[in-house]
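What follows is the content of input33.cif (mmCIF, C-alpha atoms).
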data_input
#
loop_
_atom_site.group_PDB
_atom_site.id
_atom_site.type_symbol
_atom_site.label_atom_id
_atom_site.label_comp_id
_atom_site.auth_asym_id
_atom_site.auth_seq_id
_atom_site.Cartn_x
_atom_site.Cartn_y
_atom_site.Cartn_z
ATOM 1 C CA MET A 1 91.811 6.355 16.078
ATOM 2 C CA ASP A 2 89.450 3.477 16.621
ATOM 3 C CA GLU A 3 86.460 2.946 14.353
ATOM 4 C CA THR A 4 83.964 3.374 17.210
ATOM 5 C CA ARG A 5 85.058 6.950 17.862
ATOM 6 C CA ASP A 6 85.287 7.649 14.137
ATOM 7 C CA SER A 7 81.751 6.368 13.510
ATOM 8 C CA ALA A 8 80.429 8.391 16.461
ATOM 9 C CA VAL A 9 81.789 11.522 14.818
ATOM 10 C CA ALA A 10 80.283 10.453 11.488
ATOM 11 C CA SER A 11 76.772 10.122 12.921
ATOM 12 C CA SER A 12 76.682 13.681 14.244
ATOM 13 C CA GLY A 13 79.601 14.792 12.225
ATOM 14 C CA PRO A 14 80.495 17.426 9.754
ATOM 15 C CA VAL A 15 79.597 17.748 6.115
ATOM 16 C CA PHE A 16 82.540 18.101 3.736
ATOM 17 C CA GLY A 17 82.793 20.182 0.589
ATOM 18 C CA VAL A 18 84.717 22.716 -1.437
ATOM 19 C CA ALA A 19 85.045 26.193 0.069
ATOM 20 C CA THR A 20 83.182 29.126 -1.427
ATOM 21 C CA GLU A 21 83.988 32.832 -1.438
ATOM 22 C CA ALA A 22 81.593 33.218 1.487
ATOM 23 C CA ASP A 23 83.838 30.865 3.531
ATOM 24 C CA VAL A 24 87.035 32.900 3.222
ATOM 25 C CA GLU A 25 86.719 34.864 6.472
ATOM 26 C CA SER A 26 85.766 31.764 8.506
ATOM 27 C CA ILE A 27 88.686 29.774 7.081
ATOM 28 C CA ALA A 28 91.149 32.555 7.925
ATOM 29 C CA ALA A 29 89.755 32.723 11.472
ATOM 30 C CA LEU A 30 89.934 28.935 11.920
ATOM 31 C CA ARG A 31 93.521 28.704 10.675
ATOM 32 C CA THR A 32 94.541 31.647 12.886
ATOM 33 C CA ASP A 33 92.824 30.031 15.900
ATOM 34 C CA ALA A 34 94.661 26.752 15.233
ATOM 35 C CA ALA A 35 97.988 28.624 14.938
ATOM 36 C CA GLU A 36 97.345 30.465 18.207
ATOM 37 C CA HIS A 37 96.500 27.142 19.875
ATOM 38 C CA LEU A 38 99.872 25.711 18.753
ATOM 39 C CA THR A 39 101.673 28.843 19.937
ATOM 40 C CA ARG A 40 100.076 28.587 23.390
ATOM 41 C CA ALA A 41 101.016 24.898 23.591
ATOM 42 C CA PHE A 42 104.519 25.006 22.068
ATOM 43 C CA GLY A 43 105.647 28.627 22.060
ATOM 44 C CA GLN A 44 106.504 30.853 19.119
ATOM 45 C CA GLY A 45 107.484 29.084 15.927
ATOM 46 C CA HIS A 46 106.900 29.005 12.192
ATOM 47 C CA TRP A 47 103.336 27.899 12.969
ATOM 48 C CA SER A 48 102.693 31.219 14.795
ATOM 49 C CA ARG A 49 100.948 33.389 12.267
ATOM 50 C CA VAL A 50 97.807 35.316 11.537
ATOM 51 C CA VAL A 51 96.075 34.100 8.398
ATOM 52 C CA THR A 52 94.466 36.813 6.292
ATOM 53 C CA ASP A 53 91.337 36.757 4.163
ATOM 54 C CA ARG A 54 93.517 37.851 1.246
ATOM 55 C CA GLY A 55 95.783 34.807 1.691
ATOM 56 C CA VAL A 56 92.842 32.403 1.857
ATOM 57 C CA ARG A 57 91.242 34.032 -1.182
ATOM 58 C CA SER A 58 94.496 33.546 -3.104
ATOM 59 C CA ASN A 59 94.691 29.902 -1.949
ATOM 60 C CA ARG A 60 91.126 29.349 -3.134
ATOM 61 C CA LYS A 61 91.997 30.589 -6.621
ATOM 62 C CA SER A 62 95.063 28.368 -7.010
ATOM 63 C CA SER A 63 94.031 25.247 -5.062
ATOM 64 C CA CYS A 64 91.162 23.018 -4.071
ATOM 65 C CA LEU A 65 90.192 24.309 -0.645
ATOM 66 C CA LEU A 66 88.170 21.774 1.338
ATOM 67 C CA VAL A 67 86.123 22.468 4.443
ATOM 68 C CA ALA A 68 84.231 20.485 7.045
ATOM 69 C CA ARG A 69 81.062 22.122 8.333
ATOM 70 C CA ARG A 70 79.148 21.386 11.482
ATOM 71 C CA GLY A 71 75.957 23.321 10.901
ATOM 72 C CA PRO A 72 76.954 26.734 9.590
ATOM 73 C CA GLU A 73 80.376 26.621 11.283
ATOM 74 C CA ILE A 74 83.569 25.593 9.476
ATOM 75 C CA VAL A 75 85.383 23.198 11.815
ATOM 76 C CA ALA A 76 88.230 21.957 9.586
ATOM 77 C CA THR A 77 89.991 22.892 6.401
ATOM 78 C CA LEU A 78 92.855 21.887 4.151
ATOM 79 C CA ARG A 79 93.931 22.635 0.635
ATOM 80 C CA LEU A 80 95.264 20.578 -2.224
ATOM 81 C CA ALA A 81 97.456 22.110 -4.899
ATOM 82 C CA THR A 82 99.178 20.788 -7.980
ATOM 83 C CA LYS A 83 101.980 23.349 -7.709
ATOM 84 C CA LYS A 84 104.975 22.176 -5.671
ATOM 85 C CA PRO A 85 105.536 24.310 -2.571
ATOM 86 C CA TRP A 86 108.857 26.012 -1.964
ATOM 87 C CA ALA A 87 109.938 23.698 0.892
ATOM 88 C CA ILE A 88 109.447 20.411 -0.985
ATOM 89 C CA ASP A 89 112.408 18.668 -2.631
ATOM 90 C CA VAL A 90 110.873 16.127 -5.034
ATOM 91 C CA ALA A 91 114.015 13.979 -4.892
ATOM 92 C CA TYR A 92 112.688 12.481 -1.630
ATOM 93 C CA PHE A 93 109.395 11.298 -3.146
ATOM 94 C CA THR A 94 108.291 8.465 -5.414
ATOM 95 C CA ALA A 95 108.420 9.470 -9.081
ATOM 96 C CA VAL A 96 104.831 9.685 -10.321
ATOM 97 C CA PRO A 97 103.296 11.472 -13.321
ATOM 98 C CA ARG A 98 100.997 13.657 -11.176
ATOM 99 C CA ALA A 99 101.296 14.527 -7.502
ATOM 100 C CA VAL A 100 99.279 16.913 -5.370
ATOM 101 C CA TYR A 101 100.409 18.714 -2.257
ATOM 102 C CA LEU A 102 98.460 18.998 0.977
ATOM 103 C CA HIS A 103 98.742 22.358 2.769
ATOM 104 C CA ASP A 104 97.260 24.413 5.569
ATOM 105 C CA MET A 105 95.306 21.743 7.379
ATOM 106 C CA ALA A 106 93.529 22.978 10.487
ATOM 107 C CA VAL A 107 90.874 21.579 12.803
ATOM 108 C CA ALA A 108 89.118 23.735 15.375
ATOM 109 C CA PRO A 109 91.163 23.275 18.572
ATOM 110 C CA ASP A 110 88.130 22.323 20.684
ATOM 111 C CA LEU A 111 87.190 19.600 18.173
ATOM 112 C CA GLN A 112 90.586 17.987 17.697
ATOM 113 C CA ARG A 113 91.047 14.272 18.423
ATOM 114 C CA GLN A 114 87.464 13.483 17.402
ATOM 115 C CA GLY A 115 88.129 12.063 13.925
ATOM 116 C CA ILE A 116 87.366 15.220 11.951
ATOM 117 C CA GLY A 117 90.967 15.611 10.757
ATOM 118 C CA ARG A 118 91.102 11.998 9.606
ATOM 119 C CA ARG A 119 87.812 12.417 7.756
ATOM 120 C CA ILE A 120 88.870 15.575 5.909
ATOM 121 C CA VAL A 121 92.084 13.800 4.883
ATOM 122 C CA ARG A 122 89.920 10.991 3.437
ATOM 123 C CA GLU A 123 87.970 13.615 1.494
ATOM 124 C CA ALA A 124 91.260 15.008 0.192
ATOM 125 C CA ILE A 125 92.297 11.519 -0.908
ATOM 126 C CA ALA A 126 89.027 11.137 -2.838
ATOM 127 C CA VAL A 127 89.547 14.518 -4.537
ATOM 128 C CA ALA A 128 93.184 13.732 -5.413
ATOM 129 C CA THR A 129 92.238 10.334 -6.807
ATOM 130 C CA ALA A 130 89.531 11.898 -9.009
ATOM 131 C CA TRP A 131 91.883 14.567 -10.454
ATOM 132 C CA PRO A 132 93.669 12.013 -11.115
ATOM 133 C CA SER A 133 96.804 12.058 -9.048
ATOM 134 C CA GLN A 134 99.081 9.226 -8.045
ATOM 135 C CA SER A 135 100.267 10.654 -4.732
ATOM 136 C CA ILE A 136 99.677 13.243 -2.056
ATOM 137 C CA ARG A 137 102.795 14.891 -0.652
ATOM 138 C CA LEU A 138 103.281 17.203 2.299
ATOM 139 C CA ASP A 139 105.756 18.570 4.762
ATOM 140 C CA ALA A 140 105.208 18.850 8.507
ATOM 141 C CA TYR A 141 107.255 20.664 11.117
ATOM 142 C CA ASP A 142 109.790 18.333 12.714
ATOM 143 C CA SER A 143 108.938 19.513 16.222
ATOM 144 C CA PRO A 144 106.381 18.770 18.924
ATOM 145 C CA ALA A 145 104.074 21.293 17.188
ATOM 146 C CA GLY A 146 104.257 19.314 13.940
ATOM 147 C CA ALA A 147 101.528 16.926 12.833
ATOM 148 C CA GLY A 148 103.794 14.090 11.704
ATOM 149 C CA GLU A 149 102.241 11.491 13.995
ATOM 150 C CA PHE A 150 98.779 12.421 12.733
ATOM 151 C CA TYR A 151 99.792 11.970 9.088
ATOM 152 C CA ALA A 152 101.421 8.628 9.883
ATOM 153 C CA ARG A 153 98.119 7.483 11.467
ATOM 154 C CA CYS A 154 96.402 8.546 8.217
ATOM 155 C CA ASP A 155 98.646 6.086 6.303
ATOM 156 C CA PHE A 156 101.140 8.626 4.977
ATOM 157 C CA ARG A 157 104.693 7.349 5.095
ATOM 158 C CA GLU A 158 107.689 9.388 6.060
ATOM 159 C CA VAL A 159 110.076 9.781 3.120
ATOM 160 C CA GLY A 160 112.651 12.211 4.456
ATOM 161 C CA ARG A 161 113.774 14.827 6.945
ATOM 162 C CA VAL A 162 115.290 18.096 5.828
ATOM 163 C CA THR A 163 116.053 21.558 7.080
ATOM 164 C CA TYR A 164 114.808 24.250 4.739
ATOM 165 C CA ARG A 165 115.702 27.868 5.559
ATOM 166 C CA ASN A 166 116.470 26.854 9.160
ATOM 167 C CA VAL A 167 113.109 25.068 9.542
ATOM 168 C CA PRO A 168 113.296 21.321 10.290
ATOM 169 C CA LEU A 169 110.695 19.451 8.222
ATOM 170 C CA VAL A 170 109.490 15.895 7.752
ATOM 171 C CA TYR A 171 108.268 14.888 4.298
ATOM 172 C CA PHE A 172 105.300 12.537 4.007
ATOM 173 C CA GLU A 173 103.736 10.803 1.025
ATOM 174 C CA LEU A 174 100.635 8.751 0.358
ATOM 175 C CA LEU A 175 100.610 6.787 -2.883
ATOM 176 C CA LEU A 176 97.140 6.536 -4.421
#
If you convert what's in this file into structure tokens, what do you get?
Amino acid sequence: MDETRDSAVASSGPVFGVATEADVESIAALRTDAAEHLTRAFGQGHWSRVVTDRGVRSNRKSSCLLVARRGPEIVATLRLATKKPWAIDVAYFTAVPRAVYLHDMAVAPDLQRQGIGRRIVREAIAVATAWPSQSIRLDAYDSPAGAGEFYARCDFREVGRVTYRNVPLVYFELLL
């Protein structure tokens, strides 16, 4: 994304922060809306799911859950966790003392391609650096519904492709 568009979003753009208990329902609704958007665009897949308040509440307890707000509305979210997710094989990644894992990123479908996703990733990088961590790792679906191109534009590098439980994935890493 060019800097002009990114700065235009910044001037009227969202405010970023850590999610609170009061945000749980809005985060679940946003992630479900994003999943439904992918399902409409690409058909049924592993991305097709309803996210529950209970699941978000559990994520909030075990992870750093970030949100972007435009006024009172949550328009983007992601979470960072120190626990390795089930689908990640660390053999593909750079050996570092401390890595964090990026999960569950979602941007409101009507606000995508406006720089909000890139900005919340930058916030995640700042949080991971402060923890401190030496890398951020993630997996993306290896399909048209996957966000691999987005992560590459955010300076993550592809480190491997795998199939885990019949789901094709692309691993990405950003060294900090």
Write out as a ChimeraX atom specification the residues lying within 12 Å of range 151-167 of chain A, counting only C-alpha atoms and excluding same-chain residues fewer than 3 positions away.
/A:1-2,45-47,85-94,102,105,115-125,135-143,146-148,170-176
Applying 6 Å and all atoms listed in the file, which residues near range 62-79 of chain A remain after dropping the ones on its own chain fewer than 3 positions away? List them as a PDB file with C-alpha atoms, keeping the file's coordinate frame.
ATOM      1  CA  PRO A  14      80.495  17.426   9.754  1.00  0.00           C
ATOM      2  CA  VAL A  15      79.597  17.748   6.115  1.00  0.00           C
ATOM      3  CA  PHE A  16      82.540  18.101   3.736  1.00  0.00           C
ATOM      4  CA  GLY A  17      82.793  20.182   0.589  1.00  0.00           C
ATOM      5  CA  VAL A  18      84.717  22.716  -1.437  1.00  0.00           C
ATOM      6  CA  ALA A  19      85.045  26.193   0.069  1.00  0.00           C
ATOM      7  CA  ASN A  59      94.691  29.902  -1.949  1.00  0.00           C
ATOM      8  CA  LEU A 102      98.460  18.998   0.977  1.00  0.00           C
ATOM      9  CA  HIS A 103      98.742  22.358   2.769  1.00  0.00           C
ATOM     10  CA  ASP A 104      97.260  24.413   5.569  1.00  0.00           C
ATOM     11  CA  MET A 105      95.306  21.743   7.379  1.00  0.00           C
ATOM     12  CA  ALA A 106      93.529  22.978  10.487  1.00  0.00           C
ATOM     13  CA  VAL A 107      90.874  21.579  12.803  1.00  0.00           C
ATOM     14  CA  ALA A 108      89.118  23.735  15.375  1.00  0.00           C
TER      15      ALA A 108
END
To one decimal place, how far is CA of Arg54 in chain A from CA of Thr39 in chain A in Å?
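So the answer is 22.3 Å.
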So that all listed atoms of range 142-150 of chain A fit with 4 Å spare on each side, what axis-aligned box centre and edge lengths in Å, to one decimal, would you give as AutoDock Vina command-line options?
--center_x 104.3 --center_y 16.4 --center_z 15.3 --size_x 19.0 --size_y 17.8 --size_z 15.2
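We find CA of Gln114 in chain A and CA of Ala22 in chain A to be spaced 26.0 Å apart.
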Running the PyMOL selection byres ((chain A and resi 51) around 12) on this model by hand, what would come out? Give it as a PyMOL selection string.
chain A and resi 24-36+47-50+52-59+104+106
Would you mind reading off the distance between CA of Val127 in chain A and CA of Val100 in chain A, one decimal, in Å?
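About the pair CA of Val127 in chain A and CA of Val100 in chain A: they are 10.1 Å apart.
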Would you fill the gaps in range 137-169 of chain A so it has N, CA and C atoms, then print it as a short mmCIF file (atom, residue, chain, number, x, y, z; two decimals), keeping the file's coordinate frame?
data_model
loop_
_atom_site.label_atom_id
_atom_site.label_comp_id
_atom_site.auth_asym_id
_atom_site.auth_seq_id
_atom_site.Cartn_x
_atom_site.Cartn_y
_atom_site.Cartn_z
N ARG A 137 101.54 14.59 -1.34
CA ARG A 137 102.80 14.89 -0.65
C ARG A 137 102.57 16.05 0.31
N LEU A 138 103.38 16.09 1.36
CA LEU A 138 103.28 17.20 2.30
C LEU A 138 104.55 17.29 3.12
N ASP A 139 104.71 18.43 3.77
CA ASP A 139 105.76 18.57 4.76
C ASP A 139 105.11 18.98 6.07
N ALA A 140 105.68 18.52 7.16
CA ALA A 140 105.21 18.85 8.51
C ALA A 140 106.41 19.33 9.30
N TYR A 141 106.16 20.22 10.27
CA TYR A 141 107.26 20.66 11.12
C TYR A 141 107.81 19.48 11.90
N ASP A 142 109.12 19.38 11.94
CA ASP A 142 109.79 18.33 12.71
C ASP A 142 110.01 18.89 14.12
N SER A 143 108.92 18.98 14.86
CA SER A 143 108.94 19.51 16.22
C SER A 143 107.69 19.01 16.93
N PRO A 144 107.61 19.19 18.22
CA PRO A 144 106.38 18.77 18.92
C PRO A 144 105.12 19.44 18.37
N ALA A 145 105.24 20.61 17.76
CA ALA A 145 104.07 21.29 17.19
C ALA A 145 103.69 20.72 15.83
N GLY A 146 104.54 19.90 15.25
CA GLY A 146 104.26 19.31 13.94
C GLY A 146 103.20 18.22 14.02
N ALA A 147 102.61 17.91 12.89
CA ALA A 147 101.53 16.93 12.83
C ALA A 147 101.98 15.59 12.24
N GLY A 148 103.27 15.31 12.31
CA GLY A 148 103.79 14.09 11.70
C GLY A 148 103.12 12.82 12.18
N GLU A 149 102.89 12.70 13.47
CA GLU A 149 102.24 11.49 14.00
C GLU A 149 100.83 11.35 13.44
N PHE A 150 100.13 12.46 13.30
CA PHE A 150 98.78 12.42 12.73
C PHE A 150 98.82 11.88 11.31
N TYR A 151 99.72 12.41 10.47
CA TYR A 151 99.79 11.97 9.09
C TYR A 151 100.19 10.50 9.00
N ALA A 152 101.07 10.06 9.86
CA ALA A 152 101.42 8.63 9.88
C ALA A 152 100.19 7.78 10.21
N ARG A 153 99.35 8.22 11.14
CA ARG A 153 98.12 7.48 11.47
C ARG A 153 97.13 7.50 10.31
N CYS A 154 97.26 8.47 9.41
CA CYS A 154 96.40 8.55 8.22
C CYS A 154 97.02 7.81 7.03
N ASP A 155 98.01 6.95 7.30
CA ASP A 155 98.65 6.09 6.30
C ASP A 155 99.65 6.78 5.39
N PHE A 156 100.04 8.01 5.71
CA PHE A 156 101.14 8.63 4.98
C PHE A 156 102.43 8.01 5.50
N ARG A 157 103.41 7.89 4.63
CA ARG A 157 104.69 7.35 5.10
C ARG A 157 105.75 8.45 5.02
N GLU A 158 106.60 8.43 6.03
CA GLU A 158 107.69 9.39 6.06
C GLU A 158 108.69 9.02 4.98
N VAL A 159 109.11 10.03 4.18
CA VAL A 159 110.08 9.78 3.12
C VAL A 159 111.36 10.58 3.28
N GLY A 160 111.42 11.47 4.26
CA GLY A 160 112.65 12.21 4.46
C GLY A 160 112.52 13.29 5.51
N ARG A 161 113.68 13.72 5.99
CA ARG A 161 113.77 14.83 6.94
C ARG A 161 114.79 15.80 6.39
N VAL A 162 114.42 17.06 6.38
CA VAL A 162 115.29 18.10 5.83
C VAL A 162 115.20 19.34 6.70
N THR A 163 116.15 20.22 6.50
CA THR A 163 116.05 21.56 7.08
C THR A 163 116.03 22.52 5.91
N TYR A 164 114.97 23.28 5.82
CA TYR A 164 114.81 24.25 4.74
C TYR A 164 114.71 25.64 5.36
N ARG A 165 115.65 26.51 5.01
CA ARG A 165 115.70 27.87 5.56
C ARG A 165 115.59 27.85 7.08
N ASN A 166 116.39 27.00 7.70
CA ASN A 166 116.47 26.85 9.16
C ASN A 166 115.21 26.28 9.81
N VAL A 167 114.33 25.68 9.01
CA VAL A 167 113.11 25.07 9.54
C VAL A 167 113.21 23.55 9.34
N PRO A 168 113.26 22.78 10.43
CA PRO A 168 113.30 21.32 10.29
C PRO A 168 111.92 20.79 9.86
N LEU A 169 111.93 19.99 8.80
CA LEU A 169 110.70 19.45 8.22
C LEU A 169 110.78 17.94 8.07
#
